[in-house]
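Visitor: Provided below: work.pdb, containing PDB, C-alpha atoms.
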```pdb
ATOM      1  CA  MET U  25      55.112  30.676  14.880
ATOM      2  CA  GLY U  26      55.014  31.474  11.176
ATOM      3  CA  MET U  27      57.459  28.631  10.484
ATOM      4  CA  ALA U  28      55.238  26.014  12.181
ATOM      5  CA  ILE U  29      52.219  27.047  10.122
ATOM      6  CA  LEU U  30      54.309  26.854   6.981
ATOM      7  CA  LEU U  31      55.473  23.323   7.839
ATOM      8  CA  LEU U  32      51.910  22.197   8.571
ATOM      9  CA  SER U  33      50.677  23.502   5.257
ATOM     10  CA  MET U  34      53.480  21.655   3.511
ATOM     11  CA  ILE U  35      52.331  18.300   4.882
ATOM     12  CA  ALA U  36      48.589  18.962   4.495
ATOM     13  CA  CYS U  37      47.003  17.074   1.627
ATOM     14  CA  PRO U  38      45.919  19.168  -1.348
ATOM     15  CA  PRO U  39      42.212  19.343  -2.297
ATOM     16  CA  GLY U  40      41.009  16.118  -3.901
ATOM     17  CA  SER U  41      43.139  13.964  -1.595
ATOM     18  CA  TYR U  42      43.207  12.919   2.056
ATOM     19  CA  LYS U  43      45.135  11.124   4.745
ATOM     20  CA  MET U  44      43.486   9.681   7.817
ATOM     21  CA  SER U  45      46.135  10.911  10.251
ATOM     22  CA  SER U  46      49.021  13.366  10.204
ATOM     23  CA  ARG U  47      51.359  10.439  10.935
ATOM     24  CA  GLN U  48      50.744   9.045   7.460
ATOM     25  CA  GLN U  49      53.371  10.118   4.974
ATOM     26  CA  GLU U  50      51.403  10.130   1.757
ATOM     27  CA  CYS U  51      48.118  11.602   0.635
ATOM     28  CA  PHE U  52      45.646   9.345  -1.135
ATOM     29  CA  PRO U  53      43.397  10.527  -3.958
ATOM     30  CA  CYS U  54      39.719  10.648  -3.054
ATOM     31  CA  PRO U  55      37.868   7.385  -3.808
ATOM     32  CA  ALA U  56      35.192   7.340  -6.515
ATOM     33  CA  ASN U  57      32.205   9.662  -6.035
ATOM     34  CA  SER U  58      33.790  11.562  -3.145
ATOM     35  CA  VAL U  59      35.459  14.950  -2.833
ATOM     36  CA  ALA U  60      37.824  16.844  -0.552
ATOM     37  CA  GLU U  61      37.372  20.529  -1.303
ATOM     38  CA  GLU U  62      39.774  21.858   1.321
ATOM     39  CA  GLU U  63      43.386  20.996   1.862
ATOM     40  CA  GLY U  64      44.281  18.957   4.916
ATOM     41  CA  SER U  65      41.213  16.686   4.661
ATOM     42  CA  VAL U  66      41.202  13.535   6.798
ATOM     43  CA  VAL U  67      38.311  12.026   4.819
ATOM     44  CA  CYS U  68      36.703  12.667   1.446
ATOM     45  CA  VAL U  69      32.993  13.411   1.693
ATOM     46  CA  CYS U  70      30.477  11.723  -0.555
ATOM     47  CA  GLU U  71      28.963  13.553  -3.486
ATOM     48  CA  GLU U  72      25.215  14.182  -3.520
ATOM     49  CA  ASP U  73      23.077  10.999  -3.536
ATOM     50  CA  HIS U  74      26.193   8.875  -2.839
ATOM     51  CA  PHE U  75      26.870   7.287   0.528
ATOM     52  CA  ARG U  76      29.092   5.117   2.670
ATOM     53  CA  THR U  77      27.672   2.705   5.215
ATOM     54  CA  PRO U  78      29.092   2.785   8.754
ATOM     55  CA  LEU U  79      31.086  -0.334   7.823
ATOM     56  CA  ASP U  80      32.676   1.241   4.748
ATOM     57  CA  THR U  81      36.186   2.589   5.344
ATOM     58  CA  PRO U  82      37.307   6.116   4.344
ATOM     59  CA  SER U  83      39.206   4.499   1.471
ATOM     60  CA  ALA U  84      36.011   2.924   0.108
ATOM     61  CA  PRO U  85      34.278   4.638  -2.809
ATOM     62  CA  CYS U  86      30.958   6.329  -2.152
ATOM     63  CA  THR U  87      28.081   4.367  -3.591
ATOM     64  CA  ARG U  88      24.424   4.885  -4.443
ATOM     65  CA  PRO U  89      21.276   2.778  -4.403
ATOM     66  CA  PRO U  90      20.821   0.547  -7.467
ATOM     67  CA  SER U  91      18.602   1.359 -10.415
ATOM     68  CA  PRO U  92      15.353  -0.648 -10.711
ATOM     69  CA  PRO U  93      15.436  -4.296 -11.781
ATOM     70  CA  ARG U  94      14.831  -4.849 -15.494
ATOM     71  CA  ASP U  95      12.721  -7.124 -17.678
ATOM     72  CA  LEU U  96      10.185  -8.190 -15.047
ATOM     73  CA  VAL U  97       8.113 -11.065 -16.432
ATOM     74  CA  TYR U  98       5.670 -13.520 -14.911
ATOM     75  CA  THR U  99       4.245 -16.973 -15.488
ATOM     76  CA  LEU U 100       0.814 -17.732 -14.021
ATOM     77  CA  LYS U 101      -0.468 -21.275 -13.386
ATOM     78  CA  GLN U 102      -3.791 -21.323 -11.526
ATOM     79  CA  SER U 103      -3.152 -19.601  -8.191
ATOM     80  CA  THR U 104       0.654 -19.741  -8.433
ATOM     81  CA  LEU U 105       2.734 -17.001 -10.019
ATOM     82  CA  ILE U 106       6.435 -17.058 -10.869
ATOM     83  CA  LEU U 107       8.108 -13.645 -11.163
ATOM     84  CA  GLU U 108      11.507 -13.325 -12.825
ATOM     85  CA  TRP U 109      13.633 -10.264 -13.529
ATOM     86  CA  ALA U 110      17.069  -9.132 -14.648
ATOM     87  CA  ALA U 111      19.649  -7.349 -12.511
ATOM     88  CA  PRO U 112      19.659  -3.536 -12.442
ATOM     89  CA  SER U 113      21.745  -1.866 -15.133
ATOM     90  CA  ASP U 114      23.415   0.115 -12.322
ATOM     91  CA  THR U 115      24.247  -1.664  -9.057
ATOM     92  CA  GLY U 116      25.285   1.628  -7.472
ATOM     93  CA  GLY U 117      28.873   0.441  -7.189
ATOM     94  CA  ARG U 118      28.142  -2.154  -4.491
ATOM     95  CA  ALA U 119      28.032  -5.939  -4.399
ATOM     96  CA  ASP U 120      25.467  -6.311  -1.565
ATOM     97  CA  LEU U 121      22.425  -6.373  -3.845
ATOM     98  CA  THR U 122      19.086  -7.825  -2.695
ATOM     99  CA  TYR U 123      15.497  -7.671  -3.917
ATOM    100  CA  SER U 124      12.157  -7.088  -2.192
ATOM    101  CA  VAL U 125       8.780  -7.933  -3.678
ATOM    102  CA  GLY U 126       5.631  -5.930  -2.974
ATOM    103  CA  CYS U 127       2.079  -7.085  -3.619
ATOM    104  CA  ARG U 128      -1.154  -5.115  -3.891
ATOM    105  CA  ARG U 129      -4.594  -6.535  -4.633
ATOM    106  CA  CYS U 130      -6.949  -4.288  -6.582
ATOM    107  CA  VAL U 131     -10.725  -4.367  -6.983
ATOM    108  CA  GLY U 132     -11.798  -1.587  -9.306
ATOM    109  CA  ARG U 133      -9.752   1.408  -8.205
ATOM    110  CA  GLN U 134      -9.425   0.250  -4.597
ATOM    111  CA  CYS U 135      -6.044  -1.321  -3.882
ATOM    112  CA  GLU U 136      -4.768  -2.822  -0.640
ATOM    113  CA  PRO U 137      -1.703  -4.819   0.440
ATOM    114  CA  CYS U 138      -2.086  -8.530  -0.279
ATOM    115  CA  GLY U 139      -1.600  -9.426   3.360
ATOM    116  CA  ALA U 140      -0.657 -12.742   4.908
ATOM    117  CA  SER U 141      -2.928 -14.871   2.692
ATOM    118  CA  VAL U 142      -0.422 -14.665  -0.180
ATOM    119  CA  GLY U 143       2.825 -16.590   0.259
ATOM    120  CA  PHE U 144       6.267 -15.882  -1.189
ATOM    121  CA  VAL U 145       8.796 -18.662  -1.836
ATOM    122  CA  PRO U 146      11.562 -18.551  -0.705
ATOM    123  CA  GLN U 147      10.734 -15.170   0.912
ATOM    124  CA  GLN U 148       9.434 -11.676   0.172
ATOM    125  CA  VAL U 149      12.418  -9.534   1.206
ATOM    126  CA  GLY U 150      16.177 -10.015   1.132
ATOM    127  CA  LEU U 151      16.072 -12.101  -2.040
ATOM    128  CA  THR U 152      19.436 -12.731  -3.668
ATOM    129  CA  GLU U 153      18.127 -14.763  -6.626
ATOM    130  CA  ARG U 154      16.230 -12.945  -9.383
ATOM    131  CA  THR U 155      13.028 -14.962  -9.054
ATOM    132  CA  VAL U 156      10.231 -15.532  -6.546
ATOM    133  CA  THR U 157       7.180 -17.792  -6.516
ATOM    134  CA  VAL U 158       3.911 -16.313  -5.234
ATOM    135  CA  VAL U 159       1.307 -18.799  -3.974
ATOM    136  CA  ASN U 160      -2.368 -18.697  -2.895
ATOM    137  CA  LEU U 161      -3.514 -15.968  -5.283
ATOM    138  CA  LEU U 162      -7.272 -15.445  -5.412
ATOM    139  CA  PRO U 163      -9.146 -16.104  -8.683
ATOM    140  CA  ASN U 164     -10.640 -13.202 -10.669
ATOM    141  CA  THR U 165      -8.419 -10.665  -8.962
ATOM    142  CA  ASN U 166      -6.082  -7.990 -10.236
ATOM    143  CA  TYR U 167      -2.699  -7.813  -8.562
ATOM    144  CA  THR U 168       0.183  -5.375  -8.845
ATOM    145  CA  PHE U 169       3.628  -6.718  -8.001
ATOM    146  CA  THR U 170       6.671  -4.518  -7.474
ATOM    147  CA  VAL U 171      10.265  -5.718  -7.402
ATOM    148  CA  GLU U 172      12.692  -3.353  -5.732
ATOM    149  CA  ALA U 173      16.478  -3.529  -5.903
ATOM    150  CA  LEU U 174      18.260  -2.673  -2.652
ATOM    151  CA  ASN U 175      21.847  -2.424  -1.498
ATOM    152  CA  GLY U 176      23.747  -1.391   1.619
ATOM    153  CA  VAL U 177      23.057   2.316   1.148
ATOM    154  CA  SER U 178      19.398   2.169   0.035
ATOM    155  CA  GLU U 179      18.135   2.973   3.528
ATOM    156  CA  LEU U 180      20.236   6.145   3.533
ATOM    157  CA  LEU U 181      17.987   7.516   0.788
ATOM    158  CA  PRO U 182      14.620   6.482   2.263
ATOM    159  CA  ASN U 183      12.340   8.708   0.204
ATOM    160  CA  LYS U 184      13.497   7.262  -3.116
ATOM    161  CA  ARG U 185      12.457   3.777  -4.153
ATOM    162  CA  PHE U 186      13.904   2.017  -7.178
ATOM    163  CA  TYR U 187      11.435  -0.604  -8.383
ATOM    164  CA  THR U 188       9.720  -1.998 -11.420
ATOM    165  CA  GLN U 189       6.171  -3.302 -11.449
ATOM    166  CA  VAL U 190       3.838  -5.596 -13.347
ATOM    167  CA  ASN U 191       0.057  -5.988 -13.270
ATOM    168  CA  VAL U 192      -1.338  -9.521 -13.156
ATOM    169  CA  SER U 193      -4.944 -10.636 -13.511
ATOM    170  CA  THR U 194      -5.998 -14.077 -12.299
ATOM    171  CA  SER U 195      -9.201 -13.980 -14.371
ATOM    172  CA  LEU U 196      -9.337 -16.904 -16.742
ATOM    173  CA  PRO U 197      -9.626 -15.852 -20.389
ATOM    174  CA  GLY U 198     -13.193 -15.996 -21.632
ATOM    175  CA  GLU U 199     -14.538 -16.324 -18.102
ATOM    176  CA  SER U 200     -17.224 -13.797 -17.312
ATOM    177  CA  GLN U 201     -17.192 -12.166 -13.905
ATOM    178  CA  PHE U 202     -20.937 -11.577 -13.958
ATOM    179  CA  GLU U 203     -23.725 -13.875 -12.806
ATOM    180  CA  HIS U 204     -25.806 -15.203 -15.700
TER     181      HIS U 204
END
```
Have the structure of the file written as structure tokens, please.
Guide:
Amino acid sequence: MGMAILLLSMIACPPGSYKMSSRQQECFPCPANSVAEEEGSVVCVCEEDHFRTPLDTPSAPCTRPPSPPRDLVYTLKQSTLILEWAAPSDTGGRADLTYSVGCRRCVGRQCEPCGASVGFVPQQVGLTERTVTVVNLLPNTNYTFTVEALNGVSELLPNKRFYTQVNVSTSLPGESQFEH
């Protein structure tokens, strides 16, 4: 009995490494951002705020949601707005990066979602390019646009959002909003 336990402990992987089955000869070091604290681990668990998707293999590094997009700028021509931004400084270690654009319309301190009247070209969510065109904006209105960077593990951290925002006014310069 004691001999069998001794043999098992000899083939168990040391902490910081794993092998998916006891039939495998060698132990692999834990992928990036994952740990195996006990010996004999069959998988390395992700560190805090790092994740694997169900499609990621045990040999894949653990990843995190991306940081916010950078350098959000806009160009406004009448009721059409072009938003452009730079990629996040930190992609979270993944390649499946997309962007979603949010829109709120504000009158005074009251803000509400822009709704279906405002259009997004090519689309509002799942953008792979770092630009979107917003059409059918109302005149003399204040808008807040957010651009959020997302990747395959963003939904695993639902209470944290990584976005940047810009405020846009469609008032023409020098145009008074009051009746004369």
Visitor: Give me, please, the distance in Å between atom CA of Gln48 of chain U and atom CA of Glu71 of chain U, quoted to one decimal.
Guide: 24.8 Å
Visitor: Which protein, DNA or RNA residues are at most 9 Å from (6.9, -18.6, -1.0) in the file's coordinates when you count all atoms listed in the file, listed as an mmCIF file with C-alpha atoms, keeping the file's coordinate frame?
Guide:
```cif
data_model
loop_
_atom_site.group_PDB
_atom_site.id
_atom_site.type_symbol
_atom_site.label_atom_id
_atom_site.label_comp_id
_atom_site.auth_asym_id
_atom_site.auth_seq_id
_atom_site.Cartn_x
_atom_site.Cartn_y
_atom_site.Cartn_z
ATOM 1 C CA VAL U 142 -0.422 -14.665 -0.180
ATOM 2 C CA GLY U 143 2.825 -16.590 0.259
ATOM 3 C CA PHE U 144 6.267 -15.882 -1.189
ATOM 4 C CA VAL U 145 8.796 -18.662 -1.836
ATOM 5 C CA PRO U 146 11.562 -18.551 -0.705
ATOM 6 C CA GLN U 147 10.734 -15.170 0.912
ATOM 7 C CA GLN U 148 9.434 -11.676 0.172
ATOM 8 C CA VAL U 156 10.231 -15.532 -6.546
ATOM 9 C CA THR U 157 7.180 -17.792 -6.516
ATOM 10 C CA VAL U 158 3.911 -16.313 -5.234
ATOM 11 C CA VAL U 159 1.307 -18.799 -3.974
#
```
Visitor: Listed atoms of segment 160-173 of chain U, axis-aligned box, 6 Å per side: centre and edge lengths to one decimal in Å, as JSON?
Guide:
```
{"center_x": 2.9, "center_y": -11.0, "center_z": -6.8, "size_x": 39.1, "size_y": 27.3, "size_z": 19.8}
```
Visitor: Just the number, please: distance in Å from atom CA of Arg154 of chain U to atom CA of Glu179 of chain U, one decimal.
Guide: 20.6 Å
Visitor: By how many Å are atom CA of Val192 of chain U and atom CA of Pro89 of chain U apart?
Guide: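 Between these atoms lies a distance of 27.2 Å.
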Visitor: Please write as a PyMOL selection string the full residue list that the PyMOL selection byres ((chain U and resi 172) around 10) yields on this file.
Guide: chain U and resi 90-93+112+122-126+149+169-171+173-174+185-189
Visitor: Write the residues you've just listed into a file as a PDB file, keeping the file's coordinate frame, and include C-alpha atoms for each of them.
Guide:
```pdb
ATOM      1  CA  PRO U  90      20.821   0.547  -7.467  1.00  0.00           C
ATOM      2  CA  SER U  91      18.602   1.359 -10.415  1.00  0.00           C
ATOM      3  CA  PRO U  92      15.353  -0.648 -10.711  1.00  0.00           C
ATOM      4  CA  PRO U  93      15.436  -4.296 -11.781  1.00  0.00           C
ATOM      5  CA  PRO U 112      19.659  -3.536 -12.442  1.00  0.00           C
ATOM      6  CA  THR U 122      19.086  -7.825  -2.695  1.00  0.00           C
ATOM      7  CA  TYR U 123      15.497  -7.671  -3.917  1.00  0.00           C
ATOM      8  CA  SER U 124      12.157  -7.088  -2.192  1.00  0.00           C
ATOM      9  CA  VAL U 125       8.780  -7.933  -3.678  1.00  0.00           C
ATOM     10  CA  GLY U 126       5.631  -5.930  -2.974  1.00  0.00           C
ATOM     11  CA  VAL U 149      12.418  -9.534   1.206  1.00  0.00           C
ATOM     12  CA  PHE U 169       3.628  -6.718  -8.001  1.00  0.00           C
ATOM     13  CA  THR U 170       6.671  -4.518  -7.474  1.00  0.00           C
ATOM     14  CA  VAL U 171      10.265  -5.718  -7.402  1.00  0.00           C
ATOM     15  CA  ALA U 173      16.478  -3.529  -5.903  1.00  0.00           C
ATOM     16  CA  LEU U 174      18.260  -2.673  -2.652  1.00  0.00           C
ATOM     17  CA  ARG U 185      12.457   3.777  -4.153  1.00  0.00           C
ATOM     18  CA  PHE U 186      13.904   2.017  -7.178  1.00  0.00           C
ATOM     19  CA  TYR U 187      11.435  -0.604  -8.383  1.00  0.00           C
ATOM     20  CA  THR U 188       9.720  -1.998 -11.420  1.00  0.00           C
ATOM     21  CA  GLN U 189       6.171  -3.302 -11.449  1.00  0.00           C
TER      22      GLN U 189
END
```
Visitor: I'd like the contact shell of Arg118 of chain U - 8 Å cut-off, all atoms listed in the file, skipping same-chain residues fewer than 4 positions apart - returned as an MDAnalysis selection string.
Guide: chainID U and resid 87:88 175:176
